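Raw structure_33.csv, CSV, C-alpha atoms:
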chain,number,residue,atom,x,y,z
A,766,MET,CA,92.6,129.9,98.6
A,767,PRO,CA,96.1,129.0,97.3
A,768,ALA,CA,98.6,129.4,100.1
A,769,ILE,CA,100.9,131.8,98.2
A,770,THR,CA,99.0,135.1,97.6
A,771,ALA,CA,100.1,138.7,97.2
A,772,ASP,CA,98.8,142.2,96.4
A,773,THR,CA,99.0,142.3,92.6
A,774,LEU,CA,99.2,146.1,92.6
A,775,THR,CA,102.7,145.9,94.2
A,776,LEU,CA,104.1,143.2,91.9
A,777,PRO,CA,106.0,143.7,88.6
A,778,ARG,CA,103.6,143.8,85.6
A,779,ILE,CA,103.9,141.5,82.6
A,780,ALA,CA,104.7,143.6,79.6
A,781,ALA,CA,102.1,144.3,77.0
A,782,ALA,CA,102.1,142.5,73.7
A,783,GLN,CA,104.1,143.9,70.8
A,784,ALA,CA,102.5,144.6,67.4
A,785,SER,CA,104.5,141.8,65.9
A,786,ASP,CA,103.4,139.2,68.5
A,787,THR,CA,101.0,136.4,67.6
A,788,GLU,CA,98.5,134.7,69.9
A,789,ARG,CA,98.7,131.0,70.3
A,790,PRO,CA,95.5,129.4,68.9
A,791,VAL,CA,93.6,126.6,70.6
A,792,ARG,CA,94.2,123.2,68.9
A,793,SER,CA,92.1,121.1,71.3
A,794,ILE,CA,90.3,121.1,74.6
A,795,THR,CA,89.9,117.8,76.5
A,796,THR,CA,88.2,116.9,79.8
A,797,GLY,CA,90.2,114.8,82.3
A,798,PRO,CA,88.3,111.8,83.8
A,799,ARG,CA,88.1,111.4,87.5
A,800,GLY,CA,89.5,108.5,89.4
A,801,TYR,CA,91.2,107.3,92.6
A,802,GLU,CA,95.0,107.1,93.2
A,803,GLY,CA,97.4,105.3,95.4
A,804,GLU,CA,95.5,104.2,98.5
A,805,GLY,CA,92.3,105.9,97.4
A,806,PHE,CA,92.7,109.7,97.0
A,807,PRO,CA,90.7,111.4,94.3
A,808,VAL,CA,92.4,112.7,91.1
A,809,VAL,CA,91.7,114.1,87.7
A,810,ARG,CA,93.8,112.6,84.8
A,811,ALA,CA,94.6,115.9,83.2
A,812,PHE,CA,96.4,114.5,80.1
A,813,ALA,CA,94.0,111.7,79.2
A,814,GLY,CA,93.2,111.6,75.5
A,815,VAL,CA,96.0,113.9,74.5
A,816,SER,CA,98.6,112.7,72.0
A,817,ALA,CA,102.2,112.1,73.2
A,818,ALA,CA,103.4,114.5,70.5
A,819,ASP,CA,101.3,117.3,71.9
A,820,LEU,CA,102.4,116.6,75.5
A,821,ASP,CA,106.2,116.2,74.8
A,822,PRO,CA,108.3,116.7,77.0
A,823,PHE,CA,105.6,115.8,79.6
A,824,VAL,CA,104.4,112.3,80.2
A,825,HIS,CA,101.5,112.5,82.7
A,826,MET,CA,99.7,114.9,85.1
A,827,ASP,CA,97.2,114.3,87.9
A,828,GLN,CA,95.2,117.0,89.7
A,829,MET,CA,95.1,115.6,93.3
A,830,GLY,CA,91.8,116.7,95.0
A,831,GLU,CA,90.6,119.3,95.8
A,832,VAL,CA,89.1,117.4,98.8
A,833,GLU,CA,88.3,118.3,102.4
A,834,TYR,CA,89.2,115.3,104.4
A,835,GLN,CA,87.7,114.3,107.7
A,836,PRO,CA,89.9,112.9,110.5
A,837,GLY,CA,91.2,109.5,109.5
A,838,GLU,CA,90.5,109.8,105.8
A,839,PRO,CA,93.7,111.2,104.2
A,840,ARG,CA,95.6,108.7,102.0
A,841,GLY,CA,98.8,108.6,100.0
A,842,THR,CA,100.9,106.1,98.1
A,843,ASP,CA,103.1,103.1,99.1
A,844,TRP,CA,106.8,102.9,98.4
A,845,HIS,CA,107.4,102.6,94.7
A,846,PRO,CA,110.2,103.0,92.1
A,847,HIS,CA,110.9,105.5,89.3
A,848,ARG,CA,113.4,105.7,86.5
A,849,GLY,CA,114.0,107.9,83.5
A,850,PHE,CA,112.0,111.1,84.3
A,851,GLU,CA,111.3,113.7,86.9
A,852,THR,CA,108.3,114.0,89.2
A,853,VAL,CA,107.0,117.4,90.2
A,854,THR,CA,104.6,117.5,93.1
A,855,TYR,CA,103.0,121.0,93.7
A,856,MET,CA,100.8,121.4,96.8
A,857,ILE,CA,98.4,124.2,96.3
A,858,ASP,CA,96.6,123.7,99.7
A,859,GLY,CA,97.4,121.0,102.3
A,860,ARG,CA,100.4,118.9,103.3
A,861,PHE,CA,102.1,115.8,101.9
A,862,ALA,CA,105.1,114.0,103.4
A,863,HIS,CA,107.8,112.6,101.1
A,864,GLN,CA,110.8,110.3,101.6
A,865,ASP,CA,113.1,108.6,99.1
A,866,SER,CA,115.9,106.0,99.0
A,867,HIS,CA,118.6,108.6,98.3
A,868,GLY,CA,118.1,110.7,101.4
A,869,GLY,CA,115.6,113.2,100.0
A,870,GLY,CA,112.4,114.1,101.7
A,871,GLY,CA,110.4,116.5,103.8
A,872,LEU,CA,107.0,118.1,104.1
A,873,ILE,CA,105.4,119.6,101.0
A,874,THR,CA,103.0,122.2,102.3
A,875,ASP,CA,100.9,125.2,101.2
A,876,GLY,CA,102.4,126.3,97.9
A,877,ALA,CA,105.6,124.3,98.1
A,878,THR,CA,107.0,122.0,95.3
A,879,GLN,CA,108.9,118.8,95.4
A,880,TRP,CA,111.1,118.3,92.3
A,881,MET,CA,112.5,114.8,92.2
A,882,THR,CA,114.8,113.6,89.4
A,883,ALA,CA,114.4,109.9,89.3
A,884,GLY,CA,117.2,109.5,86.7
A,885,SER,CA,119.0,106.2,87.1
A,886,GLY,CA,116.5,104.9,89.7
A,887,ILE,CA,114.9,105.8,93.0
A,888,LEU,CA,112.4,104.5,95.5
A,889,HIS,CA,110.0,106.9,97.2
A,890,ILE,CA,106.8,107.4,99.1
A,891,GLU,CA,104.3,110.3,99.3
A,892,THR,CA,101.8,110.1,102.2
A,893,PRO,CA,99.8,112.5,104.4
A,894,PRO,CA,101.6,113.5,107.6
A,895,ALA,CA,100.2,112.2,110.9
A,896,GLU,CA,98.7,115.5,111.9
A,897,LEU,CA,96.6,115.6,108.7
A,898,VAL,CA,95.4,112.0,109.2
A,899,GLU,CA,94.5,112.8,112.8
A,900,SER,CA,92.8,116.2,112.3
A,901,GLY,CA,91.7,116.1,108.6
A,902,GLY,CA,92.0,119.1,106.3
A,903,THR,CA,92.3,120.3,102.7
A,904,PHE,CA,94.3,118.3,100.1
A,905,HIS,CA,94.8,119.9,96.7
A,906,GLY,CA,97.8,119.7,94.4
A,907,ILE,CA,99.2,118.4,91.1
A,908,GLN,CA,101.8,115.8,90.2
A,909,LEU,CA,103.5,116.2,86.8
A,910,TRP,CA,105.9,113.8,85.1
A,911,VAL,CA,108.6,115.5,83.0
A,912,ASN,CA,110.5,113.2,80.6
A,913,LEU,CA,114.3,113.2,80.5
A,914,PRO,CA,116.3,113.1,77.3
A,915,LYS,CA,118.3,110.0,76.5
A,916,LYS,CA,121.5,111.6,77.7
A,917,ASP,CA,120.0,112.2,81.1
A,918,LYS,CA,118.0,109.0,81.6
A,919,PHE,CA,120.6,107.7,84.0
A,920,ALA,CA,121.4,110.9,85.8
A,921,THR,CA,122.1,110.8,89.5
A,922,PRO,CA,118.8,111.0,91.4
A,923,ARG,CA,118.2,114.5,92.9
A,924,TYR,CA,115.7,116.1,95.2
A,925,GLN,CA,114.8,119.8,95.2
A,926,ALA,CA,112.6,121.4,97.8
A,927,ILE,CA,111.0,124.6,96.5
A,928,GLU,CA,109.2,126.5,99.2
A,929,GLY,CA,106.1,128.5,98.4
A,930,PRO,CA,107.7,131.9,98.9
A,931,ASP,CA,110.5,131.0,96.6
A,932,ALA,CA,108.2,131.2,93.5
A,933,LYS,CA,108.6,134.3,91.4
A,934,LEU,CA,105.5,136.4,91.4
A,935,LEU,CA,104.2,138.6,88.6
A,936,SER,CA,100.9,140.5,87.9
A,937,SER,CA,99.0,140.8,84.7
A,938,GLN,CA,98.7,144.1,82.8
A,939,ASP,CA,95.3,144.8,84.4
A,940,GLY,CA,96.4,143.7,87.9
A,941,GLY,CA,93.6,141.1,87.9
A,942,ALA,CA,95.9,138.0,87.7
A,943,LEU,CA,98.6,136.7,90.0
A,944,VAL,CA,101.2,134.5,88.3
A,945,ARG,CA,103.5,132.2,90.4
A,946,ILE,CA,106.5,130.9,88.4
A,947,ILE,CA,107.7,127.6,89.7
A,948,ALA,CA,110.2,126.8,86.9
A,949,GLY,CA,111.3,128.4,83.7
A,950,GLU,CA,111.0,132.0,82.6
A,951,ILE,CA,108.2,134.4,81.8
A,952,ASP,CA,108.8,137.9,80.6
A,953,GLY,CA,112.4,137.9,82.0
A,954,ALA,CA,111.3,136.6,85.5
A,955,GLN,CA,112.9,133.2,86.4
A,956,GLY,CA,111.3,130.6,88.6
A,957,PRO,CA,113.4,128.6,91.2
A,958,GLY,CA,113.0,125.1,89.7
A,959,ASN,CA,116.2,123.6,88.3
A,960,THR,CA,115.3,121.3,85.5
A,961,HIS,CA,117.2,118.9,83.2
A,962,THR,CA,114.5,119.4,80.5
A,963,PRO,CA,113.9,123.1,79.6
A,964,ILE,CA,110.3,123.8,80.7
A,965,THR,CA,108.1,126.6,82.1
A,966,LEU,CA,105.6,125.8,84.9
A,967,ALA,CA,103.4,128.5,86.5
A,968,HIS,CA,100.2,128.7,88.5
A,969,ALA,CA,97.9,131.7,87.9
A,970,THR,CA,94.9,133.1,89.8
A,971,ILE,CA,92.7,135.2,87.6
A,972,GLU,CA,90.0,137.3,89.2
A,973,PRO,CA,86.5,137.3,87.8
A,974,GLY,CA,86.3,139.4,84.6
A,975,ALA,CA,90.1,139.7,84.4
A,976,GLN,CA,92.4,138.6,81.6
A,977,LEU,CA,95.9,137.1,81.6
A,978,ASN,CA,98.0,137.7,78.5
A,979,LEU,CA,101.6,136.6,78.8
A,980,PRO,CA,104.6,135.9,76.5
A,981,TRP,CA,105.6,132.3,75.9
A,982,ASN,CA,108.8,130.7,74.5
A,983,ARG,CA,108.2,130.0,70.8
A,984,ASP,CA,110.3,126.9,71.1
A,985,PHE,CA,108.1,125.4,73.7
A,986,ASN,CA,104.7,123.6,73.5
A,987,SER,CA,101.9,125.2,75.5
A,988,LEU,CA,99.3,123.7,77.7
A,989,VAL,CA,96.7,125.4,79.9
A,990,TYR,CA,94.9,123.3,82.6
A,991,VAL,CA,92.0,124.7,84.6
A,992,LEU,CA,92.4,123.8,88.3
A,993,SER,CA,89.1,125.5,89.3
A,994,GLY,CA,86.6,128.0,87.9
A,995,ARG,CA,85.7,128.8,84.3
A,996,GLY,CA,86.6,131.2,81.6
A,997,SER,CA,88.0,131.2,78.0
A,998,VAL,CA,91.4,130.6,76.4
A,999,GLY,CA,93.0,131.7,73.1
A,1000,PRO,CA,92.4,134.6,70.8
A,1001,VAL,CA,88.9,133.5,69.9
A,1002,GLY,CA,87.9,132.9,73.5
A,1003,HIS,CA,87.2,129.1,73.6
A,1004,PRO,CA,85.1,128.3,76.7
A,1005,ILE,CA,87.0,126.2,79.3
A,1006,HIS,CA,86.3,125.0,82.8
A,1007,GLN,CA,87.6,123.0,85.8
A,1008,GLY,CA,89.3,119.7,84.8
A,1009,GLN,CA,89.8,120.7,81.2
A,1010,LEU,CA,93.2,121.0,79.3
A,1011,ALA,CA,93.8,123.2,76.3
A,1012,VAL,CA,96.6,122.4,73.9
A,1013,LEU,CA,97.7,125.5,72.1
A,1014,GLY,CA,99.4,126.0,68.7
A,1015,PRO,CA,102.5,128.0,67.9
A,1016,GLY,CA,102.8,131.7,68.7
A,1017,ASP,CA,104.3,134.2,71.0
A,1018,ARG,CA,101.6,134.7,73.7
A,1019,ILE,CA,98.9,133.0,75.7
A,1020,THR,CA,95.6,134.5,76.6
A,1021,VAL,CA,93.3,133.2,79.4
A,1022,SER,CA,90.2,135.1,80.6
A,1023,ALA,CA,88.0,134.5,83.7
A,1024,GLU,CA,84.3,134.7,83.5
A,1025,GLY,CA,82.7,137.5,85.6
A,1026,THR,CA,81.0,135.1,87.9
A,1027,GLN,CA,82.8,132.1,89.5
A,1028,ASP,CA,81.9,129.3,91.8
A,1029,SER,CA,81.2,130.3,95.4
A,1030,HIS,CA,83.8,128.0,96.9
A,1031,ARG,CA,86.5,129.3,94.5
A,1032,PRO,CA,86.0,133.0,93.9
A,1033,ALA,CA,88.7,133.2,91.1
A,1034,MET,CA,89.8,131.0,88.2
A,1035,GLU,CA,92.9,128.9,88.9
A,1036,VAL,CA,95.0,127.7,85.9
A,1037,LEU,CA,98.2,125.9,85.5
A,1038,LEU,CA,100.4,127.0,82.5
A,1039,LEU,CA,103.0,124.6,81.3
A,1040,GLY,CA,105.2,124.0,78.3
A,1041,GLY,CA,108.7,122.8,77.4
A,1042,ARG,CA,111.1,122.1,74.5
A,1043,PRO,CA,110.0,118.8,72.9
A,1044,ILE,CA,112.5,116.1,73.2
A,1045,ARG,CA,111.4,114.1,70.1
A,1046,GLU,CA,112.9,110.8,71.2
A,1047,PRO,CA,111.3,107.4,71.4
A,1048,VAL,CA,109.2,107.0,74.5
A,1049,PHE,CA,108.5,103.6,76.1
A,1050,HIS,CA,106.4,104.0,79.2
A,1051,TYR,CA,105.6,101.1,81.5
A,1052,GLY,CA,104.1,102.0,85.0
A,1053,PRO,CA,106.8,103.9,86.9
A,1054,PHE,CA,109.5,103.7,84.2
A,1055,VAL,CA,109.8,106.0,81.1
A,1056,MET,CA,112.6,104.9,78.8
A,1057,ASN,CA,113.7,105.0,75.2
A,1058,SER,CA,113.3,101.4,74.3
A,1059,LYS,CA,111.6,98.2,75.3
A,1060,SER,CA,115.0,96.6,76.3
A,1061,GLU,CA,115.6,99.5,78.7
A,1062,LEU,CA,112.2,98.9,80.3
A,1063,ILE,CA,113.1,95.2,80.8
A,1064,GLN,CA,116.5,96.4,82.3
A,1065,ALA,CA,114.7,98.8,84.6
A,1066,LEU,CA,112.5,96.0,86.0
A,1067,GLU,CA,115.5,93.7,86.4
A,1068,ASP,CA,117.5,96.4,88.2
A,1069,TYR,CA,114.6,97.2,90.5
A,1070,GLN,CA,114.3,93.4,91.3
A,1071,ALA,CA,118.0,93.4,92.0
A,1072,GLY,CA,117.7,96.2,94.5
A,1073,LYS,CA,119.7,98.7,92.4
A,1074,PHE,CA,117.3,101.6,93.1
A,1075,GLY,CA,118.4,102.0,96.7
A,1076,GLN,CA,117.0,100.7,99.9
A,1077,ILE,CA,114.0,101.8,101.9
A,1078,PRO,CA,115.5,103.5,105.0
A,1079,PRO,CA,115.1,102.0,108.5
A,1080,ASN,CA,113.0,105.0,109.6
A,1081,ALA,CA,110.7,104.8,106.6
A,1082,LEU,CA,107.4,106.5,106.3
A,1083,MET,CA,104.5,104.1,105.8
A,1084,PRO,CA,101.2,104.7,104.1
A,1085,HIS,CA,98.0,105.3,106.1
A,1086,ARG,CA,95.2,102.9,105.3
A,1087,PRO,CA,92.0,103.8,107.2
A,1088,SER,CA,89.1,101.4,107.5
A,1089,THR,CA,86.2,102.2,105.1
A,1090,ASP,CA,83.7,101.5,107.9
A,1091,ARG,CA,84.1,105.0,109.4
A,1092,LEU,CA,83.8,106.6,106.0
A,1093,THR,CA,80.5,105.0,104.9
A,1094,HIS,CA,78.3,107.4,106.8
A,1095,ARG,CA,79.5,110.4,104.8
A,1096,LEU,CA,80.6,109.1,101.4
A,1097,GLY,CA,78.6,108.3,98.3
A,1098,GLY,CA,78.3,104.7,97.2
A,1099,LEU,CA,80.7,105.0,94.3
A,1100,ARG,CA,83.5,106.5,96.5
A,1101,VAL,CA,83.0,103.8,99.1
A,1102,GLN,CA,83.3,101.2,96.4
A,1103,GLN,CA,86.5,102.8,95.1
A,1104,LEU,CA,87.9,102.9,98.7
A,1105,GLN,CA,87.0,99.3,99.2
A,1106,LEU,CA,88.7,98.3,96.0
A,1107,ALA,CA,91.8,100.2,97.1
A,1108,GLU,CA,91.7,98.3,100.4
A,1109,MET,CA,91.3,94.9,98.6
A,1110,ARG,CA,94.2,95.9,96.3
A,1111,CYS,CA,96.5,96.6,99.3
A,1112,SER,CA,95.5,93.3,101.0
A,1113,ARG,CA,96.2,91.4,97.8
A,1114,HIS,CA,99.6,93.0,97.4
A,1115,GLN,CA,100.5,92.0,101.0
A,1116,ARG,CA,99.3,88.4,100.5
A,1117,GLN,CA,100.3,87.6,96.9
A,1118,GLY,CA,102.9,90.2,95.8
A,1119,ARG,CA,102.2,92.5,92.9
A,1120,ARG,CA,103.2,90.5,89.8
A,1121,ASP,CA,99.6,90.2,88.6
A,1122,ARG,CA,99.0,93.9,88.9
A,1123,GLU,CA,102.3,94.7,87.1
A,1124,ILE,CA,101.3,92.6,84.1
A,1125,GLY,CA,97.7,93.9,84.2
A,1126,SER,CA,98.8,97.5,84.2
A,1127,VAL,CA,100.5,97.3,80.8
A,1128,ALA,CA,97.7,99.3,79.3
A,1129,SER,CA,98.7,102.3,81.4
A,1130,ALA,CA,101.6,102.7,79.1
A,1131,ARG,CA,99.1,104.4,76.8
A,1132,ASN,CA,97.6,106.6,79.5
A,1133,ASP,CA,94.8,104.2,80.2
A,1134,THR,CA,92.4,106.1,82.5
A,1135,THR,CA,90.4,103.1,83.5
A,1136,LYS,CA,93.1,102.0,85.9
A,1137,LEU,CA,94.6,103.6,89.0
A,1138,SER,CA,97.7,105.2,87.3
A,1139,PRO,CA,100.3,106.5,87.2
A,1140,ILE,CA,101.1,107.0,90.9
A,1141,GLY,CA,99.0,103.9,91.1
A,1142,THR,CA,101.0,102.2,88.4
A,1143,SER,CA,104.1,103.5,90.3
A,1144,SER,CA,102.9,101.3,93.2
A,1145,ASP,CA,101.8,98.5,90.9
A,1146,VAL,CA,105.2,97.0,90.4
A,1147,VAL,CA,106.8,93.6,90.8
A,1148,SER,CA,107.6,93.0,94.5
A,1149,ALA,CA,108.1,89.2,94.2
A,1150,PRO,CA,111.1,87.9,92.3
A,1151,VAL,CA,110.3,87.1,88.6
A,1152,SER,CA,112.4,85.8,85.8
A,1153,ARG,CA,113.7,87.7,82.8
A,1154,ALA,CA,111.2,85.8,80.6
A,1155,GLN,CA,108.3,86.8,82.8
A,1156,ILE,CA,109.5,90.4,82.6
A,1157,ALA,CA,109.8,90.3,78.8
A,1158,ALA,CA,106.4,88.8,78.5
A,1159,ALA,CA,104.9,91.6,80.7
A,1160,CYS,CA,106.6,94.2,78.4
A,1161,SER,CA,105.7,92.4,75.1
A,1162,SER,CA,102.7,94.5,74.2
A,1163,ILE,CA,104.3,97.9,74.9
A,1164,THR,CA,104.7,100.1,71.8
A,1165,GLU,CA,106.5,103.4,71.3
A,1166,ARG,CA,104.6,106.5,72.0
A,1167,VAL,CA,105.0,108.8,68.9
A,1168,CYS,CA,106.4,112.1,70.0
A,1169,GLY,CA,107.0,113.7,66.7
Target encoding structure tokens, full file:
Amino acid sequence: MPAITADTLTLPRIAAAQASDTERPVRSITTGPRGYEGEGFPVVRAFAGVSAADLDPFVHMDQMGEVEYQPGEPRGTDWHPHRGFETVTYMIDGRFAHQDSHGGGGLITDGATQWMTAGSGILHIETPPAELVESGGTFHGIQLWVNLPKKDKFATPRYQAIEGPDAKLLSSQDGGALVRIIAGEIDGAQGPGNTHTPITLAHATIEPGAQLNLPWNRDFNSLVYVLSGRGSVGPVGHPIHQGQLAVLGPGDRITVSAEGTQDSHRPAMEVLLLGGRPIREPVFHYGPFVMNSKSELIQALEDYQAGKFGQIPPNALMPHRPSTDRLTHRLGGLRVQQLQLAEMRCSRHQRQGRRDREIGSVASARNDTTKLSPIGTSSDVVSAPVSRAQIAAACSSITERVCG
């Protein structure tokens, strides 16, 4: 169960629709492919196959897990840079430790959110804490990348720690859905997240047979992602299930309904509701950098090479990399192969640096789901010094993502 729960009968109810309100129709439903991230933890690429124009102002989202780790299994990411956007890490169940080069950090746990504005440039790491590595446990969350407008691309890096109880809680009209507002506003209730780009981000639990109908800012786009369970979305009731994303059209309200019978391990339907005001500026995305032009990407790589994103602190967290030998007895062949590939990747980074991976990950600028990205592409950056010509060559095939 999600860590933050409440008796919906005691919460403020979302107001009923007005006669003049229009329902947002479903424009598309896509299924996110599964892969492995960072040092080898499972993810669903929630935005794969969706146009940049439909996602704007969002860049990428991963559902991390849900997985029940055995002792020694949990994995995270290595130290890596970011520039030009914000990362939002929301832990539904489990724990994740964070540290960055500007003094931010802490433990993200059980319904908490880490909101990191990379802005002008930052280095950070996200990794399971020692107690999770030692004892095992549940790991389930999301990481969302929110673009910054040109005027804020070089904002001073900032870290916000939003604890689970800080989320604003609402109930649906029928009392069958719990809505946790992490950022933005729904029906006059304001979430705690402080954002550069105007967005709304909420996590809803919808009981079997219940319906959630809520107002949505007409100036925002609207995305519904199913974390677990199954049901329907939109006024016509399009079927949707775990790992699928619905892009909705214009309107005043969003409707999501849960089927009467859900999976045994998740008794309710869990959905993420997100939207924001489109920025409609050029987007050039290369690994951990999201900028407005190719020249800005080249500058980001050069600045990272020059150490302008800050320094890894002396007491730095380091990633945990368990041996695959102790996992073989309980994991399917595909997962073992993925973990072994992750181990080989880490060893190659240590021996040879990461230039080959950086150039090889150019395709991830188009949300390529065949690679370990984008936390993976966050880690796949140049660690050995390279020339400006080499950087320019690596960026040569990147094209603008059309955002309307």
* To do: Might you pull out every residue within 6 Å of Leu1010 of chain A, with all atoms listed in the file counted and same-chain residues fewer than 3 positions away left off, and present them as a PyMOL selection string?
  => chain A and resi 794-795+989-990
Write the residues you've just listed into a file as a PDB file, in the coordinates of the input, and include C-alpha atoms for each of them.
ATOM      1  CA  ILE A 794      90.300 121.100  74.600  1.00  0.00           C
ATOM      2  CA  THR A 795      89.900 117.800  76.500  1.00  0.00           C
ATOM      3  CA  VAL A 989      96.700 125.400  79.900  1.00  0.00           C
ATOM      4  CA  TYR A 990      94.900 123.300  82.600  1.00  0.00           C
TER       5      TYR A 990
END
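Put simply, atom CA of Pro790 of chain A is 5.2 Å away from atom CA of Gly1014 of chain A.
Distance-wise, atom CA of Val1055 of chain A and atom CA of Phe850 of chain A end up 6.4 Å apart.
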* To do: Please determine the residues with any atom at most 12 Å from (102.1, 113.2, 74.0) (coordinates as given in the file, with only C-alpha atoms counting) and report them as a ChimeraX atom specification.
  => /A:812-826,910-912,986,988,1012,1043-1050,1130-1132,1165-1169
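Distance-wise, atom CA of Arg848 of chain A and atom CA of Glu802 of chain A end up 19.6 Å apart.
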* Asked: Hey, what's within 10 Å of Leu977 of chain A if we count all atoms listed in the file and toss same-chain stuff fewer than 6 positions away? As a VMD selection string, please?
  -> chain A and resid 779 936 to 944 969 to 971 998 1019 to 1023
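For the set A:Gly849, A:Pro930, A:Gly837, A:Pro963, the residue with the smallest atom-to-atom gap to Thr878 of chain A is A:Pro930, counting all atoms listed in the file.
Each of A:Pro1015, A:Ala1158, A:Pro957, A:Leu966 was checked against Asp984 of chain A using all atoms listed in the file; the smallest atom-to-atom distance is that of A:Pro1015.
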